[in-house]
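Next comes input_16.cif, a file with mmCIF, C-alpha atoms.
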```cif
data_structure
loop_
_atom_site.label_atom_id
_atom_site.label_comp_id
_atom_site.auth_asym_id
_atom_site.auth_seq_id
_atom_site.Cartn_x
_atom_site.Cartn_y
_atom_site.Cartn_z
CA MET A 1 121.54 131.12 47.47
CA ASN A 2 124.51 131.34 45.13
CA LYS A 3 128.08 130.42 46.11
CA SER A 4 129.15 134.04 46.51
CA ALA A 5 126.27 134.77 48.89
CA VAL A 6 127.05 131.68 50.98
CA THR A 7 130.73 132.64 51.19
CA THR A 8 129.83 136.20 52.16
CA ALA A 9 127.40 134.96 54.84
CA ALA A 10 130.03 132.59 56.27
CA LEU A 11 132.65 135.34 56.36
CA LEU A 12 130.23 137.72 58.02
CA ALA A 13 129.31 135.10 60.61
CA ALA A 14 132.99 134.42 61.34
CA ALA A 15 133.75 138.14 61.60
CA MET A 16 130.93 138.56 64.10
CA GLY A 17 132.18 135.63 66.16
CA TRP A 18 129.37 133.29 65.22
CA SER A 19 130.17 129.64 64.83
CA THR A 20 129.72 127.84 61.55
CA THR A 21 130.25 124.49 63.24
CA ALA A 22 127.54 122.44 61.57
CA ALA A 23 129.26 122.45 58.18
CA GLY A 24 132.40 120.61 59.32
CA ALA A 25 130.94 118.54 62.13
CA ASP A 26 130.98 114.75 62.38
CA LEU A 27 127.35 113.77 62.96
CA GLU A 28 128.21 110.14 63.74
CA ALA A 29 130.67 111.20 66.44
CA GLY A 30 128.01 113.58 67.79
CA ARG A 31 125.43 110.77 67.82
CA LYS A 32 127.79 108.56 69.85
CA ILE A 33 128.35 111.31 72.41
CA GLY A 34 124.62 111.99 72.50
CA GLU A 35 123.82 108.34 73.17
CA THR A 36 126.44 107.94 75.90
CA GLN A 37 126.43 111.36 77.57
CA CYS A 38 123.09 113.04 76.82
CA ALA A 39 120.43 110.37 76.32
CA ALA A 40 119.91 109.58 80.00
CA CYS A 41 118.38 113.01 80.59
CA HIS A 42 117.58 114.40 77.13
CA GLY A 43 116.60 111.16 75.37
CA LYS A 44 118.24 109.64 72.29
CA ASP A 45 116.02 111.83 70.12
CA GLY A 46 116.72 114.98 72.19
CA LYS A 47 113.07 115.38 73.15
CA THR A 48 113.44 114.69 76.89
CA PRO A 49 111.06 111.85 77.76
CA ILE A 50 112.38 111.54 81.32
CA ASP A 51 111.61 114.82 83.07
CA PRO A 52 109.74 117.76 81.56
CA SER A 53 112.06 120.20 83.35
CA TYR A 54 115.02 119.03 81.22
CA PRO A 55 115.44 121.04 78.01
CA LYS A 56 114.45 119.58 74.69
CA ILE A 57 117.58 119.82 72.55
CA ALA A 58 116.43 118.22 69.28
CA GLY A 59 116.39 120.82 66.53
CA GLN A 60 118.19 123.38 68.70
CA TYR A 61 120.51 125.85 66.96
CA PRO A 62 124.04 124.40 66.96
CA ASP A 63 125.62 127.77 67.78
CA TYR A 64 123.44 128.04 70.86
CA MET A 65 124.39 124.54 72.01
CA VAL A 66 128.10 125.27 71.48
CA LYS A 67 127.75 128.45 73.57
CA VAL A 68 125.81 126.76 76.37
CA LEU A 69 128.15 123.77 76.61
CA GLY A 70 131.13 126.14 76.63
CA ASP A 71 129.50 128.13 79.42
CA TYR A 72 129.03 124.94 81.44
CA GLN A 73 132.72 124.14 80.89
CA THR A 74 133.88 127.52 82.16
CA GLY A 75 131.37 127.75 84.98
CA ALA A 76 129.65 130.79 83.47
CA ARG A 77 126.53 128.64 83.56
CA LYS A 78 126.02 126.62 86.72
CA ASN A 79 124.62 123.11 86.91
CA PRO A 80 126.61 120.38 88.62
CA ILE A 81 125.40 117.63 86.27
CA MET A 82 125.91 119.56 83.03
CA GLY A 83 129.19 121.03 84.26
CA GLY A 84 130.52 117.54 84.92
CA ILE A 85 129.39 116.30 81.51
CA ALA A 86 130.66 119.33 79.55
CA LYS A 87 134.08 119.76 81.20
CA PRO A 88 135.85 116.79 79.55
CA LEU A 89 134.43 117.48 76.07
CA SER A 90 136.82 118.82 73.46
CA LYS A 91 135.87 121.66 71.14
CA ALA A 92 135.31 119.10 68.36
CA ASP A 93 133.14 116.97 70.67
CA ILE A 94 130.95 119.96 71.45
CA GLU A 95 130.65 120.94 67.80
CA ASN A 96 129.79 117.36 66.83
CA VAL A 97 127.12 116.85 69.49
CA ALA A 98 125.62 120.28 68.76
CA ALA A 99 125.46 119.48 65.04
CA PHE A 100 123.94 116.06 65.73
CA PHE A 101 121.12 117.32 67.95
CA SER A 102 120.44 120.28 65.67
CA SER A 103 120.03 117.83 62.77
CA LEU A 104 117.15 116.05 64.53
CA PRO A 105 113.57 117.18 64.07
CA GLY A 106 112.62 119.44 66.95
CA PRO A 107 109.52 119.03 69.08
CA LEU A 108 107.97 122.31 67.93
CA THR A 109 105.98 122.73 64.76
CA HIS A 110 104.46 125.68 62.95
CA LYS A 111 100.72 125.82 62.45
CA LYS A 112 99.57 126.69 58.96
#
```

Serialized structure, structure tokens:
Amino acid sequence: MNKSAVTTAALLAAAMGWSTTAAGADLEAGRKIGETQCAACHGKDGKTPIDPSYPKIAGQYPDYMVKVLGDYQTGARKNPIMGGIAKPLSKADIENVAAFFSSLPGPLTHKK
């Protein structure tokens, strides 16, 4: 994709309210949050070794994770554990952790 196409896609995404968080995120900061706040339930690799009812977050779309964590912060999505974890996170924290987990290989693969 050429530079003009990338710029156009980013502008279109911004105009539609989509996040382009992964580009400016701090993956190391996201990893630290993931290891201290998320790993107990979701695993360090985001593939949930603890309980199969917990979502696998490795490879998840960062925009989706930003939305979900924001919804836990506002109470639009209800879960006492996730609400308590998400509430103190800053916008940058959320973007960083979303970018970190989205950068990991997900548990799903495509068959050829």

*Restricting the calculation to only C-alpha atoms, which member of A:Pro107, A:Gly43, A:Ser102, A:Asp93 is positioned closest to A:Gln60?*
A:Ser102

The PyMOL selection byres ((chain A and resi 62) around 9) resolved against shown file, as a PDB file with C-alpha atoms, in the frame of the given file:
```
ATOM      1  CA  SER A  19     130.170 129.640  64.830  1.00  0.00           C
ATOM      2  CA  THR A  20     129.720 127.840  61.550  1.00  0.00           C
ATOM      3  CA  THR A  21     130.250 124.490  63.240  1.00  0.00           C
ATOM      4  CA  ALA A  22     127.540 122.440  61.570  1.00  0.00           C
ATOM      5  CA  GLY A  59     116.390 120.820  66.530  1.00  0.00           C
ATOM      6  CA  GLN A  60     118.190 123.380  68.700  1.00  0.00           C
ATOM      7  CA  TYR A  61     120.510 125.850  66.960  1.00  0.00           C
ATOM      8  CA  ASP A  63     125.620 127.770  67.780  1.00  0.00           C
ATOM      9  CA  TYR A  64     123.440 128.040  70.860  1.00  0.00           C
ATOM     10  CA  MET A  65     124.390 124.540  72.010  1.00  0.00           C
ATOM     11  CA  VAL A  66     128.100 125.270  71.480  1.00  0.00           C
ATOM     12  CA  LYS A  67     127.750 128.450  73.570  1.00  0.00           C
ATOM     13  CA  GLU A  95     130.650 120.940  67.800  1.00  0.00           C
ATOM     14  CA  VAL A  97     127.120 116.850  69.490  1.00  0.00           C
ATOM     15  CA  ALA A  98     125.620 120.280  68.760  1.00  0.00           C
ATOM     16  CA  ALA A  99     125.460 119.480  65.040  1.00  0.00           C
ATOM     17  CA  PHE A 100     123.940 116.060  65.730  1.00  0.00           C
ATOM     18  CA  PHE A 101     121.120 117.320  67.950  1.00  0.00           C
ATOM     19  CA  SER A 102     120.440 120.280  65.670  1.00  0.00           C
ATOM     20  CA  SER A 103     120.030 117.830  62.770  1.00  0.00           C
TER      21      SER A 103
END
```

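Straight-line separation from atom CA of A:Ala29 to atom CA of A:Ile81: 21.5 Å.
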
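The residue that comes closest to A:Thr36, out of A:Ile85, A:Ala92, A:Ser53, A:Gly106 and on the basis of all atoms listed in the file, is A:Ile85.
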